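> Please find one structure pasted underneath; my questions will follow.
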Amino acid sequence: MPAFAAGKDWLAGGPGIRLVATDLDGTLLRPDGTVGERTIEAVRHARQAGLYVVPVTGRPPRVTWEIALEAGLGPLGVCANGAAVVDIAATEVVEVSGLAAEVCRGLVELVRASYPDAIFALDEMDCFCYESGFVEGDWGWDESRREVPDIIQAIGPTCMKLVVRRPGWSAPELITALEADVAEEGHVTSSGLDWVEIGAPGISKAYAAQRVCDRLGVPVSQVLAVGDNHNDLTILGWAGYAAAPANAIPEVLAMVQRVIPANSEDGVAQLLEELTAT
């Protein structure tokens with residue numbers, strides 16, 4: 001398989017790129033959550049040229065399949081912030097690293113002890129379960145949802161991540177508050193909404209991207225990661241090369257080698273076009 005370098009200044013002296021690991025919301029997708037025609041064409045051309053273009057998203061598999069297939073991404077992908085490795089073409093989950101039920105219950109009790117006003121949700125494999133007051137309006141995609149009076153009642157064997165909101169608190173504020181309390185029990189992050197997501201310890205986008213690379217035989221030195229938010233920090237620090245759209249949060253922009261046009265301008269498409277230019 002070819003490795004793409006093409007004399008780009010920011011890739012000078014490197015081994016080239018064989019895999020682009022891209023976030024979806026806020027990165028590859030436009031602000032309205034759709035995939036642009038330019039992006040579809042750029043992904044198609046990149047994959048025909050032998051480049052893997054892998055989605056690495058906070059979305060669970062059930063709301064990743066349609067958009068990933070439309071965009072032509074694959075062959076594998078990462079969902080739920082690293083809790084699931086998926087086969088895009090087969091629409092199958094091939095690896096799961098979720099939260100054990102007893103750990104999830106312990107996390108709920110731990111957070112409630114410090115923040116009694118916290119509201120919880122769970123990303124199960126087949127459903128989004130939430131307590132009253134958690135969901136406010138629509139967040140942009142069709143979703144199987146179930147309201148429960150107490151999230152502990154909904155904890156099952158297929159929990160990919162625990163989700164926490166605290167009214168009046170932003171995600172960065174809540175991350176700072178929770179990290180010290182739950183660091184040994186879970187990995188705390190956010191995908192940009194006003195909640196935080198807690199996955200199993202050590203499970204992150206970087207962890208699952210390494211699992212994808214192991215399956216595809218791609219060394220990390222030949223991976224270019226693209227992302228925009230807190231849950232992308234691990235993979236951007238792990239990958240051989242890192243880029244971010246101009247709309248990314250300051251912490252992301254500070255750590256990448258390249259800032260590409262914003263997602264409203266199909267920045268990932270422009271990056272793929274550059275990588276595969278002859």
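Residues in the structure tokens are numbered from 1 in each chain, the chains being A, B, ... in the order shown, and ligands are numbered from 1 in the order shown.
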Write down as a list in words the residues of region 161-231 of chain A whose backbone DSSP state falls under alpha helix (DSSP H).

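Selection result, alpha helix (DSSP H) within region 161-231 of chain A: Ala171, Pro172, Glu173, Leu174, Ile175, Thr176, Ala177, Leu178, Glu179, Ala180, Asp181, Val182, Lys205, Ala206, Tyr207, Ala208, Ala209, Gln210, Arg211, Val212, Cys213, Asp214, Arg215 and Leu216 of chain A.
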
> I need the chosen residues saved as a tab-separated table (two decimals), in the first residue's frame, with C-alpha atoms.


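So the final result, stored in selection-v6.tsv, reads:
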chain	number	residue	atom	x	y	z
A	171	ALA	CA	-18.42	20.33	30.18
A	172	PRO	CA	-14.91	21.71	30.89
A	173	GLU	CA	-15.98	22.69	34.42
A	174	LEU	CA	-17.45	19.26	35.07
A	175	ILE	CA	-14.41	17.45	33.65
A	176	THR	CA	-12.16	19.34	36.05
A	177	ALA	CA	-14.47	18.57	38.96
A	178	LEU	CA	-14.80	14.85	38.19
A	179	GLU	CA	-11.34	13.87	36.98
A	180	ALA	CA	-9.77	13.71	40.43
A	181	ASP	CA	-12.75	11.87	41.92
A	182	VAL	CA	-13.11	9.11	39.32
A	205	LYS	CA	-9.95	7.01	21.13
A	206	ALA	CA	-6.19	6.41	21.11
A	207	TYR	CA	-6.58	2.95	22.66
A	208	ALA	CA	-9.12	1.81	20.09
A	209	ALA	CA	-7.28	3.43	17.17
A	210	GLN	CA	-4.26	1.32	18.11
A	211	ARG	CA	-6.51	-1.76	18.00
A	212	VAL	CA	-7.62	-0.72	14.49
A	213	CYS	CA	-4.01	-0.25	13.42
A	214	ASP	CA	-3.10	-3.67	14.79
A	215	ARG	CA	-5.85	-5.24	12.69
A	216	LEU	CA	-4.84	-3.35	9.55

> Show me, as CSV, the residues of region 145-239 of chain A having an atom within 9 Å of region 114-136 of chain A, each with the closest atom pair and its distance in Å, using only C-alpha atoms.


residue,atom,partner,partner_atom,distance
A:Arg145,CA,A:Phe128,CA,4.7
A:Arg146,CA,A:Cys129,CA,4.7
A:Glu147,CA,A:Tyr130,CA,5.0
A:Val148,CA,A:Glu131,CA,5.2
A:Pro149,CA,A:Glu131,CA,5.7
A:Asp150,CA,A:Glu131,CA,6.1
A:Ile151,CA,A:Glu131,CA,6.1
A:Ala154,CA,A:Cys129,CA,6.9
A:Ile155,CA,A:Leu122,CA,7.5
A:Gly156,CA,A:Glu124,CA,7.8
A:Pro157,CA,A:Glu124,CA,8.5
A:Thr158,CA,A:Glu124,CA,5.5
A:Cys159,CA,A:Glu124,CA,4.4
A:Met160,CA,A:Asp123,CA,5.6
A:Lys161,CA,A:Asp123,CA,5.4
A:Leu162,CA,A:Leu122,CA,4.8
A:Val163,CA,A:Ala121,CA,4.9
A:Val164,CA,A:Phe120,CA,4.7
A:Arg165,CA,A:Ile119,CA,5.2
A:Arg166,CA,A:Ala118,CA,4.7
A:Pro167,CA,A:Ala118,CA,7.4
A:Asp181,CA,A:Ser114,CA,8.9

> Please identify all polymer residues within 6 Å of Ile88 (chain A), counting only C-alpha atoms, omitting same-chain residues fewer than 2 positions from it, and present them as a VMD selection string.

chain A and resid 74 to 76 86 90 to 91

> What's around Gly240 (chain A) at 8 Å? Count only C-alpha atoms, leave out sequence neighbours fewer than 4 positions away in its own chain, and write the answer as a short mmCIF file (atom, residue, chain, number, x, y, z; two decimals) with N, CA and C atoms, in the first residue's frame.


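Once written, selection-v1.cif looks like this:
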data_model
loop_
_atom_site.label_atom_id
_atom_site.label_comp_id
_atom_site.auth_asym_id
_atom_site.auth_seq_id
_atom_site.Cartn_x
_atom_site.Cartn_y
_atom_site.Cartn_z
N VAL A 220 1.78 3.33 14.00
CA VAL A 220 1.28 4.62 14.42
C VAL A 220 2.02 5.76 13.73
N SER A 221 3.25 5.51 13.32
CA SER A 221 4.03 6.55 12.63
C SER A 221 3.41 6.93 11.29
N GLN A 222 2.50 6.10 10.77
CA GLN A 222 1.86 6.38 9.48
C GLN A 222 0.38 6.72 9.63
N VAL A 223 0.03 7.20 10.83
CA VAL A 223 -1.36 7.60 11.10
C VAL A 223 -1.44 9.12 11.23
N LEU A 224 -2.41 9.70 10.56
CA LEU A 224 -2.75 11.11 10.71
C LEU A 224 -4.11 11.18 11.40
N ALA A 225 -4.16 11.78 12.58
CA ALA A 225 -5.41 11.94 13.32
C ALA A 225 -5.93 13.36 13.17
#
